[in-house]
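Visitor: I have a structure I would like to understand better, so I am pasting it below and will then ask my questions one at a time.
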Amino acid sequence: MIVFYTVLIISLIANVIMLFLLYRAYQRHICDNAEKQMFLLMIKRERSSRFIEKDSPEMYIFNADKYSDDYPLYEVILNVKADEEFKESAKLSINKVDKLQVDLSSKYIVTLTNNNDCTAQIHSLLYERYGEISFLPNKDISLVNNNGISLVFDIKDKPQSMIVTFKDNQLIYNIEQAKGNVIYPKLDFDSLK
């Protein structure tokens, strides 16, 4: 009988040790996979960051008196509505205009040019008060191969940032952090998952 209990106890201890070792191996496997995923994400971010520095569309901001480009001009109007509970919602309307049709004195102009053969598309505008507002897809405002557009904004409706899709990435142009009249993009790392 003592032999039976001894064998049973040894068997239980061996099973507990095996379970512990299996659990440790499983944890290592999960950690290895997590590390591999993080490593792949870091490589993707590094490659994407490198292309941003040389290939991304260029953005400039101008006052009316300094604007001289011949790119198509679009007026961007922020339409804000309030419901019965005074909750505000906002939409954008984009209209092609002639330089002579718009009084540019109380406005500013953002010019986006693409020197690459890949298409760039304005995805959305980000406002502090209203959040992200989609920029409806429009062939006229897609940028391919050395073309550009200029967007006219009212000073009071100035967005914080513009999000542009380019080469399956989203680039964030922070309008409030322009250096001179140039706005440099940053990669939206949340879109790289």
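Simple scheme: letters A, B, ... for chains in structure tokens order, numbers from 1 for residues in each chain, numbers from 1 for ligands in the order shown.
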Give me, as a list of chain:residue names, all polymer residues having an atom no more than 10 Å from Lys66 in chain A, counting only C-alpha atoms and skipping those fewer than 4 positions away in the same chain.
Guide: A:Ile61, A:Phe62, A:Tyr108, A:Ile109, A:Asn181
Visitor: Can you spit out the residues from that selection as a PDB file, in the first residue's frame, using N, CA and C atoms?
Guide:
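part-v3.pdb, written as the output of this step:
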```pdb
ATOM      1  N   ILE A  61       1.558  76.422 -46.803  1.00  0.00           N
ATOM      2  CA  ILE A  61       0.472  77.294 -46.359  1.00  0.00           C
ATOM      3  C   ILE A  61       0.840  78.733 -46.695  1.00  0.00           C
ATOM      4  N   PHE A  62      -0.139  79.468 -47.214  1.00  0.00           N
ATOM      5  CA  PHE A  62       0.097  80.841 -47.654  1.00  0.00           C
ATOM      6  C   PHE A  62      -0.996  81.773 -47.133  1.00  0.00           C
ATOM      7  N   TYR A 108      -6.809  81.770 -45.834  1.00  0.00           N
ATOM      8  CA  TYR A 108      -5.458  81.277 -46.058  1.00  0.00           C
ATOM      9  C   TYR A 108      -5.552  80.098 -47.000  1.00  0.00           C
ATOM     10  N   ILE A 109      -4.464  79.811 -47.667  1.00  0.00           N
ATOM     11  CA  ILE A 109      -4.450  78.793 -48.726  1.00  0.00           C
ATOM     12  C   ILE A 109      -3.450  77.718 -48.376  1.00  0.00           C
ATOM     13  N   ASN A 181       6.476  78.417 -44.347  1.00  0.00           N
ATOM     14  CA  ASN A 181       5.205  78.101 -45.008  1.00  0.00           C
ATOM     15  C   ASN A 181       5.123  76.617 -45.391  1.00  0.00           C
TER      16      ASN A 181
END
```
Visitor: Identify, with DSSP run on backbone atoms, the residues in range 85-158 of chain A assigned to strand (DSSP E or B), and express the list as a PyMOL selection string.
Guide: chain A and resi 88-97+107-114+120-127+131-134+142-143+147-154
Visitor: Let me see the file: selected residues, C-alpha atoms, as a tab-separated table (two decimals), in the first residue's frame.
Guide:
```tsv
chain	number	residue	atom	x	y	z
A	88	GLU	CA	-23.17	70.28	-33.11
A	89	SER	CA	-22.21	68.24	-36.14
A	90	ALA	CA	-20.02	69.41	-38.99
A	91	LYS	CA	-19.61	68.55	-42.67
A	92	LEU	CA	-17.33	69.88	-45.37
A	93	SER	CA	-18.37	71.27	-48.72
A	94	ILE	CA	-15.72	71.70	-51.39
A	95	ASN	CA	-16.29	73.95	-54.39
A	96	LYS	CA	-13.96	74.69	-57.27
A	97	VAL	CA	-13.49	78.46	-57.54
A	107	LYS	CA	-8.51	83.43	-45.84
A	108	TYR	CA	-5.46	81.28	-46.06
A	109	ILE	CA	-4.45	78.79	-48.73
A	110	VAL	CA	-3.01	75.30	-48.30
A	111	THR	CA	-1.30	73.91	-51.40
A	112	LEU	CA	-0.64	70.18	-51.72
A	113	THR	CA	1.62	68.91	-54.53
A	114	ASN	CA	2.61	65.38	-55.46
A	120	ALA	CA	-2.33	60.87	-53.05
A	121	GLN	CA	-5.83	61.55	-51.75
A	122	ILE	CA	-6.98	63.88	-48.99
A	123	HIS	CA	-8.69	61.58	-46.49
A	124	SER	CA	-9.98	63.95	-43.81
A	125	LEU	CA	-9.51	67.15	-41.87
A	126	LEU	CA	-9.05	67.17	-38.13
A	127	TYR	CA	-10.64	69.93	-36.06
A	131	GLY	CA	-12.91	65.88	-34.51
A	132	GLU	CA	-12.12	64.15	-37.80
A	133	ILE	CA	-14.32	65.09	-40.76
A	134	SER	CA	-14.10	63.03	-43.94
A	142	SER	CA	-6.66	63.26	-56.37
A	143	LEU	CA	-2.99	64.05	-56.82
A	147	ASN	CA	0.05	67.95	-60.04
A	148	GLY	CA	-1.33	69.85	-57.12
A	149	ILE	CA	-4.34	71.59	-55.65
A	150	SER	CA	-4.86	74.62	-53.47
A	151	LEU	CA	-7.50	74.68	-50.75
A	152	VAL	CA	-8.92	77.97	-49.49
A	153	PHE	CA	-9.98	78.05	-45.83
A	154	ASP	CA	-11.66	80.79	-43.85
```
Visitor: Name the closest residue to Val144 in chain A among the candidates A:Pro57, A:Glu128, A:Ser106, A:Leu78; distances are taken between atoms, counting only C-alpha atoms.
Guide: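 Among the listed residues, the smallest separation from Val144 in chain A belongs to A:Pro57.
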Visitor: As a PyMOL selection string, please: every residue in chain A that DSSP puts in alpha helix (DSSP H).
Guide: chain A and resi 2-55
Visitor: Can I get the selection written as a compact mmCIF listing (two decimals), in the first residue's frame, with C-alpha atoms?
Guide:
```txt
# COMPACT_ATOMS: atom_id res chain seq x y z
CA ILE A 2 2.88 2.37 0.86
CA VAL A 3 4.41 1.66 -2.54
CA PHE A 4 1.10 2.58 -4.24
CA TYR A 5 0.89 5.93 -2.41
CA THR A 6 4.55 6.65 -3.11
CA VAL A 7 4.07 5.98 -6.82
CA LEU A 8 0.88 8.10 -6.81
CA ILE A 9 2.64 11.04 -5.13
CA ILE A 10 5.61 10.79 -7.49
CA SER A 11 3.21 10.62 -10.44
CA LEU A 12 1.32 13.71 -9.22
CA ILE A 13 4.58 15.64 -8.71
CA ALA A 14 5.77 14.65 -12.20
CA ASN A 15 2.44 15.79 -13.73
CA VAL A 16 2.63 19.14 -11.89
CA ILE A 17 6.22 19.62 -13.11
CA MET A 18 5.17 18.72 -16.70
CA LEU A 19 2.25 21.16 -16.56
CA PHE A 20 4.54 23.89 -15.24
CA LEU A 21 7.08 23.23 -18.03
CA LEU A 22 4.32 23.22 -20.67
CA TYR A 23 2.97 26.50 -19.30
CA ARG A 24 6.46 28.07 -19.42
CA ALA A 25 6.95 26.86 -23.01
CA TYR A 26 3.55 28.30 -23.96
CA GLN A 27 4.48 31.66 -22.37
CA ARG A 28 7.78 31.71 -24.27
CA HIS A 29 5.93 30.91 -27.50
CA ILE A 30 3.48 33.80 -26.93
CA CYS A 31 6.34 36.18 -26.03
CA ASP A 32 8.30 35.11 -29.11
CA ASN A 33 5.26 35.75 -31.33
CA ALA A 34 4.66 39.14 -29.69
CA GLU A 35 8.33 40.07 -30.13
CA LYS A 36 8.21 38.94 -33.77
CA GLN A 37 5.09 41.05 -34.42
CA MET A 38 6.68 44.08 -32.72
CA PHE A 39 9.86 43.59 -34.75
CA LEU A 40 7.89 43.38 -38.02
CA LEU A 41 5.90 46.48 -37.07
CA MET A 42 9.14 48.35 -36.27
CA ILE A 43 10.57 47.38 -39.68
CA LYS A 44 7.38 48.52 -41.42
CA ARG A 45 7.43 51.81 -39.52
CA GLU A 46 11.10 52.37 -40.36
CA ARG A 47 10.54 51.71 -44.08
CA SER A 48 7.46 53.93 -44.10
CA SER A 49 9.31 56.71 -42.28
CA ARG A 50 12.10 56.58 -44.85
CA PHE A 51 9.71 56.95 -47.79
CA ILE A 52 8.01 59.90 -46.06
CA GLU A 53 11.24 61.86 -46.04
CA LYS A 54 11.73 61.67 -49.80
CA ASP A 55 8.50 60.68 -51.60
```
Visitor: Taking only C-alpha atoms into account, name the residue in A:Gln160, A:Tyr74, A:Asn79, A:Asp117 that is nearest to Gln101 in chain A.
Guide: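 Of the candidates, the smallest distance to Gln101 in chain A is held by A:Tyr74.
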Visitor: Rounded to one decimal place, report the CA of Asp188 in chain A-CA of Ser56 in chain A distance in Å.
Guide: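 Spanning CA of Asp188 in chain A to CA of Ser56 in chain A is a straight-line distance of 13.1 Å.
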